[in-house]
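So this block is coords-v6.csv, CSV, C-alpha atoms:
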```csv
chain,number,residue,atom,x,y,z
J,1,MET,CA,117.8,198.1,86.3
J,2,PRO,CA,114.4,199.0,87.8
J,3,SER,CA,112.0,201.0,85.6
J,4,THR,CA,111.7,204.7,86.3
J,5,ALA,CA,108.5,205.0,84.3
J,6,ARG,CA,106.1,207.4,86.1
J,7,PRO,CA,102.5,206.0,86.7
J,8,PRO,CA,99.9,208.2,85.0
J,9,GLU,CA,98.1,210.8,87.1
J,10,VAL,CA,94.4,210.6,87.4
J,11,GLY,CA,92.8,211.5,84.1
J,12,GLU,CA,96.1,211.3,82.2
J,13,PRO,CA,95.6,209.8,78.7
J,14,LEU,CA,96.7,206.2,78.3
J,15,GLU,CA,99.0,206.7,75.3
J,16,PRO,CA,99.7,205.3,72.8
J,17,LEU,CA,96.4,203.4,72.8
J,18,PRO,CA,94.1,204.6,70.0
J,19,LYS,CA,90.6,205.7,71.1
J,20,GLU,CA,89.0,203.1,68.8
J,21,PHE,CA,90.5,200.4,71.0
J,22,ALA,CA,87.7,201.1,73.5
J,23,ALA,CA,85.2,199.8,71.0
J,24,PHE,CA,86.9,196.4,71.2
J,25,MET,CA,87.2,196.4,74.9
J,26,ARG,CA,83.7,197.6,76.1
J,27,PRO,CA,81.7,194.5,75.1
J,28,GLU,CA,84.1,192.3,76.9
J,29,LEU,CA,83.7,194.0,80.3
J,30,PRO,CA,80.6,192.1,81.7
J,31,GLY,CA,82.3,188.7,81.0
J,32,LEU,CA,85.6,190.0,82.2
J,33,MET,CA,84.1,191.1,85.6
J,34,LYS,CA,82.8,187.5,86.1
J,35,GLU,CA,86.1,186.0,85.2
J,36,ILE,CA,88.1,188.3,87.5
J,37,GLY,CA,85.6,187.5,90.3
J,38,ILE,CA,86.2,183.8,89.9
J,39,GLU,CA,90.0,184.1,89.7
J,40,VAL,CA,90.3,186.5,92.6
J,41,THR,CA,88.0,184.6,95.0
J,42,ARG,CA,89.9,181.4,94.2
J,43,ALA,CA,93.3,183.0,95.0
J,44,TYR,CA,92.0,185.1,97.9
J,45,PRO,CA,89.1,183.3,99.7
J,46,VAL,CA,88.6,186.3,102.0
J,47,TYR,CA,87.2,188.2,99.1
J,48,GLY,CA,84.8,185.3,98.4
J,49,ARG,CA,83.4,185.8,101.9
J,50,LEU,CA,83.0,189.5,101.2
J,51,LEU,CA,81.3,188.9,97.8
J,52,ASN,CA,78.7,186.8,99.6
J,53,GLY,CA,78.2,189.2,102.4
J,54,PRO,CA,76.1,192.3,102.9
J,55,ASN,CA,78.6,194.6,101.1
J,56,ALA,CA,78.7,192.5,97.9
J,57,ASP,CA,76.8,195.0,95.7
J,58,ALA,CA,79.2,197.8,96.8
J,59,ILE,CA,82.2,195.7,96.0
J,60,ARG,CA,80.9,194.7,92.6
J,61,GLN,CA,80.2,198.4,91.9
J,62,GLY,CA,83.8,199.3,92.8
J,63,VAL,CA,85.2,196.6,90.5
J,64,GLU,CA,82.8,197.7,87.7
J,65,GLN,CA,83.8,201.3,88.1
J,66,ALA,CA,87.5,200.4,87.9
J,67,LEU,CA,87.1,198.5,84.7
J,68,TYR,CA,84.8,200.9,83.0
J,69,ALA,CA,86.9,203.9,84.0
J,70,PHE,CA,89.9,202.4,82.2
J,71,VAL,CA,87.9,201.9,79.0
J,72,ASP,CA,86.3,205.4,79.3
J,73,ARG,CA,89.8,207.0,79.6
J,74,VAL,CA,90.9,205.3,76.4
J,75,ALA,CA,87.8,206.6,74.6
J,76,ASP,CA,87.8,210.0,76.4
J,77,PRO,CA,91.0,210.8,78.3
J,78,GLY,CA,89.4,213.8,80.1
J,79,LYS,CA,86.4,211.9,81.6
J,80,ASN,CA,85.9,212.3,85.3
J,81,ALA,CA,86.5,209.3,87.6
J,82,ALA,CA,85.5,210.7,90.9
J,83,LEU,CA,83.1,207.9,91.8
J,84,ARG,CA,85.7,205.3,91.0
J,85,ASP,CA,88.3,207.1,93.2
J,86,GLU,CA,85.9,207.2,96.2
J,87,LEU,CA,85.0,203.6,95.8
J,88,LEU,CA,88.7,202.6,95.6
J,89,ARG,CA,89.5,204.6,98.8
J,90,ARG,CA,86.7,202.8,100.5
J,91,PHE,CA,88.3,199.5,99.5
J,92,GLY,CA,91.4,200.6,101.2
J,93,ARG,CA,89.5,201.7,104.4
J,94,VAL,CA,87.8,198.2,104.5
J,95,GLU,CA,91.2,196.5,104.4
J,96,ALA,CA,92.4,198.7,107.3
J,97,TYR,CA,89.2,198.1,109.3
J,98,GLU,CA,89.4,194.4,108.9
J,99,GLY,CA,93.1,194.3,109.9
J,100,ARG,CA,94.6,193.1,106.6
J,101,GLU,CA,97.8,194.3,105.1
J,102,LEU,CA,97.3,196.3,101.9
J,103,ASP,CA,99.3,193.8,99.8
J,104,THR,CA,96.3,191.4,99.8
J,105,LEU,CA,94.2,194.0,97.9
J,106,GLN,CA,97.2,194.9,95.7
J,107,GLY,CA,97.6,191.2,94.8
J,108,ALA,CA,93.9,191.1,93.8
J,109,TYR,CA,94.3,194.1,91.6
J,110,ARG,CA,97.3,192.6,89.8
J,111,LEU,CA,95.6,189.3,89.4
J,112,GLY,CA,92.7,191.1,87.8
J,113,ALA,CA,95.1,192.9,85.5
J,114,ARG,CA,96.6,189.5,84.4
J,115,VAL,CA,93.1,188.2,83.6
J,116,ALA,CA,92.3,191.3,81.6
J,117,LEU,CA,95.6,191.0,79.7
J,118,ARG,CA,94.8,187.4,78.9
J,119,ARG,CA,91.4,188.5,77.5
J,120,ALA,CA,93.2,191.3,75.5
J,121,LYS,CA,95.5,188.8,73.9
J,122,ALA,CA,92.6,186.7,72.8
J,123,LEU,CA,90.9,189.8,71.3
J,124,GLY,CA,94.2,190.6,69.5
J,125,GLN,CA,94.1,187.2,67.8
J,126,GLN,CA,90.4,187.5,67.0
J,127,TYR,CA,90.6,191.0,65.4
J,128,ARG,CA,94.2,190.6,64.2
J,129,LEU,CA,95.5,193.5,66.2
J,130,SER,CA,99.2,194.3,66.1
J,131,PRO,CA,101.5,192.9,68.8
J,132,ALA,CA,102.7,196.4,69.4
J,133,LEU,CA,99.1,197.5,70.3
J,134,ILE,CA,98.7,194.6,72.8
J,135,LEU,CA,102.1,195.5,74.3
J,136,ALA,CA,100.9,199.1,74.6
J,137,PHE,CA,97.7,197.9,76.3
J,138,ALA,CA,99.7,195.8,78.8
J,139,ASP,CA,101.9,198.9,79.7
J,140,ALA,CA,98.8,201.1,80.1
J,141,LEU,CA,97.0,198.4,82.1
J,142,PHE,CA,99.7,197.8,84.7
J,143,ALA,CA,100.3,201.6,85.0
J,144,TYR,CA,96.6,201.9,85.7
J,145,VAL,CA,96.8,199.2,88.3
J,146,GLU,CA,99.5,201.2,90.1
J,147,GLU,CA,97.1,204.1,90.0
J,148,LEU,CA,94.3,202.0,91.6
J,149,GLU,CA,96.7,200.8,94.3
J,150,ARG,CA,97.8,204.4,95.0
J,151,ILE,CA,94.2,205.6,95.4
J,152,SER,CA,93.2,202.6,97.7
J,153,ARG,CA,96.3,203.3,99.7
J,154,GLU,CA,95.0,206.8,100.4
J,155,GLY,CA,91.9,205.3,102.1
J,156,TYR,CA,94.0,202.7,103.9
J,157,VAL,CA,96.4,205.3,105.3
J,158,GLU,CA,93.5,207.5,106.3
J,159,VAL,CA,92.3,204.8,108.7
J,160,GLN,CA,95.8,203.8,109.8
J,161,SER,CA,96.6,207.4,110.6
J,162,ARG,CA,94.0,207.3,113.3
J,163,ALA,CA,95.3,205.5,116.4
J,164,PHE,CA,93.6,202.1,116.3
J,165,SER,CA,93.3,202.4,120.1
J,166,GLU,CA,90.7,205.1,119.6
J,167,VAL,CA,87.3,203.9,120.4
J,168,PRO,CA,85.6,205.1,117.2
J,169,ALA,CA,88.1,203.2,115.0
J,170,GLN,CA,87.7,200.1,117.1
J,171,ARG,CA,84.0,200.3,116.8
J,172,ARG,CA,84.1,200.6,113.0
J,173,ARG,CA,86.3,197.5,112.9
J,174,LEU,CA,83.9,195.8,115.3
J,175,LEU,CA,81.0,196.5,113.0
J,176,HIS,CA,82.9,195.0,110.0
J,177,LEU,CA,83.6,191.8,111.9
J,178,ILE,CA,80.0,191.5,113.1
J,179,LEU,CA,78.8,191.7,109.5
J,180,ALA,CA,81.3,189.1,108.3
J,181,ALA,CA,80.0,185.7,107.5
J,182,PRO,CA,79.3,183.6,110.6
J,183,PRO,CA,80.6,182.2,112.8
J,184,LEU,CA,81.5,185.4,114.6
J,185,PRO,CA,85.3,185.8,115.2
J,186,GLN,CA,86.6,184.7,118.6
J,187,ALA,CA,88.3,188.0,118.9
J,188,LEU,CA,85.0,189.8,119.1
J,189,THR,CA,84.8,189.7,122.9
J,190,GLY,CA,88.2,191.3,123.3
J,191,LEU,CA,87.5,193.9,120.7
J,192,CYS,CA,84.2,194.8,122.4
J,193,GLU,CA,86.2,195.5,125.6
J,194,ALA,CA,88.7,197.7,123.7
J,195,ALA,CA,85.8,199.5,122.0
J,196,ALA,CA,83.9,199.9,125.3
J,197,TRP,CA,80.9,198.3,123.7
J,198,PRO,CA,78.8,195.7,125.6
J,199,LEU,CA,78.1,192.7,123.3
J,200,PRO,CA,74.3,192.5,122.8
J,201,THR,CA,72.3,189.3,122.3
J,202,GLU,CA,70.2,190.9,119.5
J,203,ILE,CA,70.5,193.9,117.2
J,204,THR,CA,68.6,195.9,114.6
J,205,MET,CA,70.4,196.9,111.4
J,206,ILE,CA,69.5,200.0,109.4
J,207,ALA,CA,70.4,200.6,105.8
J,208,LEU,CA,70.9,204.3,104.9
J,209,ARG,CA,70.0,205.5,101.4
J,210,SER,CA,72.3,208.1,99.9
J,211,PRO,CA,72.9,211.0,100.5
J,212,VAL,CA,73.5,210.7,104.2
J,213,PRO,CA,73.0,214.0,106.1
J,214,GLU,CA,76.1,215.3,107.8
J,215,HIS,CA,74.2,215.7,111.2
J,216,LEU,CA,73.1,212.1,111.3
J,217,GLU,CA,76.0,210.6,113.3
J,218,ALA,CA,75.9,213.3,115.9
J,219,GLY,CA,72.2,212.4,116.8
J,220,LEU,CA,72.9,208.7,117.4
J,221,ALA,CA,73.1,207.1,120.9
J,222,ASP,CA,76.6,206.3,122.1
J,223,ASP,CA,76.2,202.5,121.6
J,224,VAL,CA,75.0,202.7,118.0
J,225,LEU,CA,77.7,201.4,115.6
J,226,SER,CA,77.9,203.2,112.3
J,227,ASP,CA,79.8,203.0,109.0
J,228,LEU,CA,79.0,206.0,106.8
J,229,ASP,CA,82.2,205.7,104.7
J,230,VAL,CA,81.1,202.8,102.5
J,231,PRO,CA,79.0,202.8,99.3
J,232,GLN,CA,76.0,201.3,101.3
J,233,PRO,CA,76.2,203.1,104.7
J,234,HIS,CA,74.5,201.4,107.6
J,235,LEU,CA,73.9,201.5,111.4
J,236,LEU,CA,73.8,198.8,114.0
J,237,VAL,CA,71.4,199.4,116.9
J,238,PRO,CA,71.9,197.1,119.9
J,239,GLY,CA,68.7,195.4,121.0
J,240,ALA,CA,65.1,195.9,119.8
J,241,LEU,CA,63.6,199.3,118.8
J,242,THR,CA,62.1,200.3,122.1
J,243,PRO,CA,60.0,203.6,122.2
J,244,GLU,CA,63.2,205.4,123.4
J,245,ARG,CA,65.2,203.9,120.6
J,246,ARG,CA,62.6,204.9,118.1
J,247,ALA,CA,62.6,208.5,119.3
J,248,MET,CA,66.4,208.6,119.1
J,249,LEU,CA,66.3,207.3,115.5
J,250,ASP,CA,63.5,209.5,114.4
J,251,ALA,CA,65.5,212.5,115.5
J,252,ALA,CA,68.8,211.3,114.1
J,253,LEU,CA,67.2,210.3,110.8
J,254,THR,CA,65.6,213.6,110.1
J,255,GLY,CA,66.3,214.5,106.5
J,256,ALA,CA,67.7,211.0,105.8
J,257,ARG,CA,66.2,208.1,103.9
J,258,ALA,CA,66.6,204.7,105.6
J,259,VAL,CA,65.3,201.2,105.7
J,260,VAL,CA,65.0,199.6,109.2
J,261,GLY,CA,65.9,195.9,109.2
J,262,LEU,CA,64.5,193.2,111.5
J,263,THR,CA,65.6,192.7,115.1
J,264,VAL,CA,67.7,189.5,115.0
J,265,PRO,CA,70.3,187.6,117.1
J,266,LEU,CA,73.7,189.2,116.8
J,267,ALA,CA,75.0,186.3,114.6
J,268,GLN,CA,72.2,187.2,112.0
J,269,ALA,CA,73.3,190.8,111.6
J,270,ALA,CA,74.3,190.2,108.0
J,271,ASP,CA,70.8,188.9,107.2
J,272,SER,CA,69.1,191.9,108.8
J,273,ILE,CA,71.1,194.3,106.7
J,274,ARG,CA,70.7,192.2,103.5
J,275,TRP,CA,66.9,192.3,103.9
J,276,ALA,CA,67.0,196.0,104.5
J,277,ARG,CA,69.1,196.6,101.4
J,278,ARG,CA,66.7,194.4,99.4
J,279,VAL,CA,63.8,196.6,100.5
J,280,ALA,CA,65.8,199.7,99.5
J,281,GLN,CA,66.3,198.1,96.1
J,282,LEU,CA,62.5,197.4,95.8
J,283,ILE,CA,61.8,201.0,96.7
J,284,ASP,CA,64.1,202.1,93.8
J,285,GLU,CA,62.3,199.7,91.5
J,286,GLY,CA,58.9,201.1,92.5
J,287,VAL,CA,57.6,197.8,94.1
J,288,VAL,CA,57.6,199.1,97.7
J,289,PRO,CA,56.2,202.6,98.3
J,290,ASP,CA,58.8,205.2,99.1
J,291,ALA,CA,59.0,207.0,102.4
J,292,PRO,CA,61.8,208.7,104.5
J,293,VAL,CA,61.9,205.7,106.8
J,294,VAL,CA,60.7,202.3,105.7
J,295,ARG,CA,60.5,199.2,107.9
J,296,CYS,CA,61.3,195.7,106.7
J,297,ALA,CA,58.7,194.3,109.1
J,298,ASP,CA,56.0,196.0,107.0
J,299,HIS,CA,57.1,194.2,103.8
J,300,LEU,CA,58.0,190.7,104.8
J,301,VAL,CA,55.6,189.0,102.4
J,302,THR,CA,56.9,191.1,99.5
J,303,LEU,CA,60.5,190.2,100.5
J,304,TRP,CA,59.6,186.6,100.5
J,305,LEU,CA,57.7,186.5,97.3
J,306,LEU,CA,60.4,188.4,95.4
J,307,SER,CA,63.4,186.7,97.0
J,308,ASP,CA,63.9,184.9,93.7
J,309,PRO,CA,62.0,186.5,90.8
J,310,ALA,CA,63.1,183.9,88.3
J,311,LEU,CA,61.7,181.1,90.4
J,312,VAL,CA,58.5,183.0,90.9
J,313,SER,CA,58.2,183.3,87.1
J,314,HIS,CA,58.6,179.5,86.7
J,315,LEU,CA,56.0,178.8,89.5
J,316,ALA,CA,53.5,181.2,88.0
J,317,ALA,CA,54.0,179.8,84.5
J,318,GLY,CA,53.1,176.3,85.8
J,319,GLU,CA,50.1,177.4,87.9
J,320,LEU,CA,48.7,179.6,85.1
J,321,ALA,CA,49.5,177.3,82.2
J,322,PRO,CA,45.8,176.4,81.6
J,323,VAL,CA,45.1,180.1,80.6
J,324,ASP,CA,48.3,180.6,78.7
J,325,HIS,CA,46.7,179.7,75.3
J,326,LEU,CA,44.1,182.4,75.5
J,327,PRO,CA,44.5,185.8,73.7
J,328,ALA,CA,46.6,188.2,75.7
J,329,SER,CA,43.8,190.6,76.5
J,330,ARG,CA,41.4,187.9,77.7
J,331,ARG,CA,44.1,186.1,79.7
J,332,ASP,CA,45.0,189.4,81.5
J,333,ARG,CA,41.4,190.1,82.4
J,334,LEU,CA,40.9,186.5,83.8
J,335,VAL,CA,44.2,186.6,85.7
J,336,GLU,CA,43.4,190.0,87.3
J,337,THR,CA,39.9,188.8,88.3
J,338,LEU,CA,41.5,185.6,89.7
J,339,ARG,CA,44.0,187.6,91.7
J,340,VAL,CA,41.4,189.8,93.3
J,341,HIS,CA,39.1,186.8,93.9
J,342,VAL,CA,41.6,184.6,95.7
J,343,SER,CA,43.3,187.4,97.7
J,344,THR,CA,40.0,189.0,99.0
J,345,ARG,CA,37.7,185.9,99.1
J,346,ALA,CA,35.0,188.6,98.5
J,347,PRO,CA,31.7,188.0,96.7
J,348,ALA,CA,31.3,188.9,93.0
J,349,GLU,CA,29.7,192.2,93.8
J,350,GLN,CA,32.7,193.4,95.8
J,351,VAL,CA,35.2,192.0,93.3
J,352,GLY,CA,33.4,193.8,90.6
J,353,GLU,CA,33.7,197.1,92.5
J,354,LEU,CA,37.4,196.6,92.9
J,355,LEU,CA,37.8,195.8,89.2
J,356,GLY,CA,35.3,198.4,87.9
J,357,VAL,CA,33.1,195.8,86.2
J,358,HIS,CA,29.6,194.4,86.7
J,359,ALA,CA,29.1,191.5,89.2
J,360,GLN,CA,27.7,189.4,86.3
J,361,THR,CA,31.0,189.9,84.4
J,362,VAL,CA,32.9,188.6,87.5
J,363,ARG,CA,30.7,185.6,87.8
J,364,TYR,CA,31.1,184.8,84.1
J,365,ARG,CA,34.9,185.1,84.4
J,366,LEU,CA,35.0,182.9,87.5
J,367,ARG,CA,33.0,180.2,85.7
J,368,ASN,CA,35.5,180.3,82.9
J,369,LEU,CA,38.4,180.0,85.4
J,370,ASP,CA,36.7,177.1,87.1
J,371,ALA,CA,36.5,175.3,83.8
J,372,LEU,CA,40.1,176.1,82.9
J,373,LEU,CA,41.8,175.6,86.3
J,374,GLY,CA,40.0,172.5,87.4
J,375,ASP,CA,40.7,171.5,91.0
J,376,ARG,CA,43.4,174.2,91.5
J,377,LEU,CA,41.0,176.5,93.3
J,378,ALA,CA,39.6,173.7,95.5
J,379,ASP,CA,42.8,172.1,96.6
J,380,PRO,CA,44.4,174.1,99.5
J,381,ASP,CA,48.0,173.6,98.4
J,382,ARG,CA,47.3,174.4,94.8
J,383,ARG,CA,45.3,177.4,95.8
J,384,PHE,CA,48.1,178.7,98.0
J,385,ALA,CA,50.7,178.3,95.2
J,386,LEU,CA,48.3,180.0,92.8
J,387,GLU,CA,47.7,183.0,95.2
J,388,ALA,CA,51.5,183.3,95.9
J,389,SER,CA,52.1,183.4,92.1
J,390,LEU,CA,49.4,186.0,91.4
J,391,ARG,CA,50.6,188.2,94.3
J,392,ALA,CA,54.2,188.1,93.1
J,393,LEU,CA,53.3,188.7,89.5
J,394,HIS,CA,51.2,191.7,90.6
J,395,LEU,CA,54.2,193.1,92.5
J,396,LEU,CA,56.5,192.6,89.5
J,397,GLN,CA,53.9,194.2,87.2
J,398,ARG,CA,54.0,197.3,89.5
J,399,ASP,CA,57.7,197.3,89.0
J,400,CYS,CA,57.3,197.2,85.2
J,401,ASP,CA,54.7,199.9,85.3
J,402,ALA,CA,56.9,202.2,87.4
J,403,GLY,CA,59.8,201.7,85.0
```
Have the structure of the file written as structure tokens, please.
Amino acid sequence: MPSTARPPEVGEPLEPLPKEFAAFMRPELPGLMKEIGIEVTRAYPVYGRLLNGPNADAIRQGVEQALYAFVDRVADPGKNAALRDELLRRFGRVEAYEGRELDTLQGAYRLGARVALRRAKALGQQYRLSPALILAFADALFAYVEELERISREGYVEVQSRAFSEVPAQRRRLLHLILAAPPLPQALTGLCEAAAWPLPTEITMIALRSPVPEHLEAGLADDVLSDLDVPQPHLLVPGALTPERRAMLDAALTGARAVVGLTVPLAQAADSIRWARRVAQLIDEGVVPDAPVVRCADHLVTLWLLSDPALVSHLAAGELAPVDHLPASRRDRLVETLRVHVSTRAPAEQVGELLGVHAQTVRYRLRNLDALLGDRLADPDRRFALEASLRALHLLQRDCDAG
């Protein structure tokens, strides 16, 4: 006989789980997120594509919110989950935009729950928790999954309720397909016709930083594609940013914060938005100066140098190894003098002015550096690697100082 158990309403306590159980669960969540990601992408390759695409951070944020909201509700049944709910509705909208049935997303939710239950059983053995408690956890978990499905269905139905023959809905779906991993789908040409949108050879992506002003969409040209209902809203502008396009964007983006990506061939749209979002992240970290509208083209060297901070650290460690044994204060003075020297190619007097020290002090430090670094400053390749390392370290240091 089918169960008549009612799924919990949003915010309803997950009885009979004791609040203390949250203390066992919370440390497991980072590892559980990785495990769920592996299992879900193995079972549903389409989500592997999305997790490697421009919306990867937003998807991970949604999964994180779903997991942490469950634990938070165990510890504090009245805690608000509004952010989780909005992210889950957007999951549903994405499924509708990309033309999938909702049972794909539901299957992913249920697979994630099975992975979580497996982890809970291992915890039960580790901490000798009672079988009754693990059974209660399983009941609460699968009731919670039904809640997640219901909330995502709200977003899915919202999109489905709009006739998909409508041009705006077709254009949102078109934007999702363009940002999918290449090659571009063969259906793109037909969808362009249905959406009354001429297929351009090149485009410019724009990452919008929250909050997005309500007036923004109304100020856009008719052929600009937009998706403002995702955690990382964005625009697609056909072609390069001509003076006319810039004037249109300046007016539409009044009161907004945005990062303008590079103009690229249509097939590289995902790269353009990825770079724009990386610049937005560097703004948040204090590396790139903040402004209402920031252009990727003005920060290409920074993007390149910080594309892999861990690799930069290894490169810098090798290039600066000869000064690593020095006391920290002396090493820092020498490294900063070296950075200014190699980046400006200026004489000692000018380097001294930039550093606020006497020219003789600069000359003394440079003699020490020559003795320590050997042929690194004379060899063009080594000098380039050294300068790149010093510039990247300086950018990262600005990040640390800002934090």
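Neighbours of region 388-399 of chain J closer than or equal to 7 Å, with all atoms listed in the file counted and sequence neighbours fewer than 3 positions away skipped, come out as Glu285, Gly286, Val287, Leu305, Leu306, Val312, Leu315, Ala316, Arg339, Phe384, Ala385, Ala402 and Gly403 of chain J.
Environment of (79.9, 187.7, 97.1): residues at most 12 Å away, judged by all atoms listed in the file, are Lys34, Gly37, Ile38, Val40, Thr41, Pro45, Val46, Tyr47, Gly48, Arg49, Leu50, Leu51, Asn52, Gly53, Pro54, Asn55, Ala56, Asp57, Ala58, Ile59, Arg60, Gln61, Ala180 and Ala181 of chain J.
For region 246-258 of chain J, the set of protein, DNA and RNA residues having any atom at most 9 Å away, when counting all atoms listed in the file and skipping those fewer than 5 positions along the same chain, is J:Ile206, J:Ala207, J:Leu208, J:Arg209, J:Ser210, J:Pro211, J:Val212, J:Pro213, J:His215, J:Leu216, J:Glu217, J:Ala218, J:Gly219, J:Leu220, J:Ala221, J:His234, J:Leu241, J:Ala276, J:Ala280, J:Ala291, J:Pro292, J:Val293, J:Val294, J:Arg295.
The protein and nucleic acid residues lying at most 10 Å from Asp85 (chain J) are Val10, Gly62, Gln65, Ala66, Ala69, Asn80, Ala81, Ala82, Leu88, Arg89, Arg90, Phe91, Glu147, Leu148, Ile151, Ser152, Glu154 and Gly155 of chain J, with all atoms listed in the file considered and sequence neighbours fewer than 3 positions away removed.
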Could you write those residues out with C-alpha atoms, as a CSV table (one decimal), in the frame of the given file?
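Result file follows (again-v8.csv):
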```csv
chain,number,residue,atom,x,y,z
J,10,VAL,CA,94.4,210.6,87.4
J,62,GLY,CA,83.8,199.3,92.8
J,65,GLN,CA,83.8,201.3,88.1
J,66,ALA,CA,87.5,200.4,87.9
J,69,ALA,CA,86.9,203.9,84.0
J,80,ASN,CA,85.9,212.3,85.3
J,81,ALA,CA,86.5,209.3,87.6
J,82,ALA,CA,85.5,210.7,90.9
J,88,LEU,CA,88.7,202.6,95.6
J,89,ARG,CA,89.5,204.6,98.8
J,90,ARG,CA,86.7,202.8,100.5
J,91,PHE,CA,88.3,199.5,99.5
J,147,GLU,CA,97.1,204.1,90.0
J,148,LEU,CA,94.3,202.0,91.6
J,151,ILE,CA,94.2,205.6,95.4
J,152,SER,CA,93.2,202.6,97.7
J,154,GLU,CA,95.0,206.8,100.4
J,155,GLY,CA,91.9,205.3,102.1
```
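Rounded to one decimal, CA of Leu355 (chain J) and CA of His341 (chain J) lie 10.2 Å from each other.
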Task: Long-range neighbours of Ala359 (chain J) as an MDAnalysis selection string, 8 Å cut-off, only C-alpha atoms, 6 positions minimum in chain - done: chainID J and resid 348:353
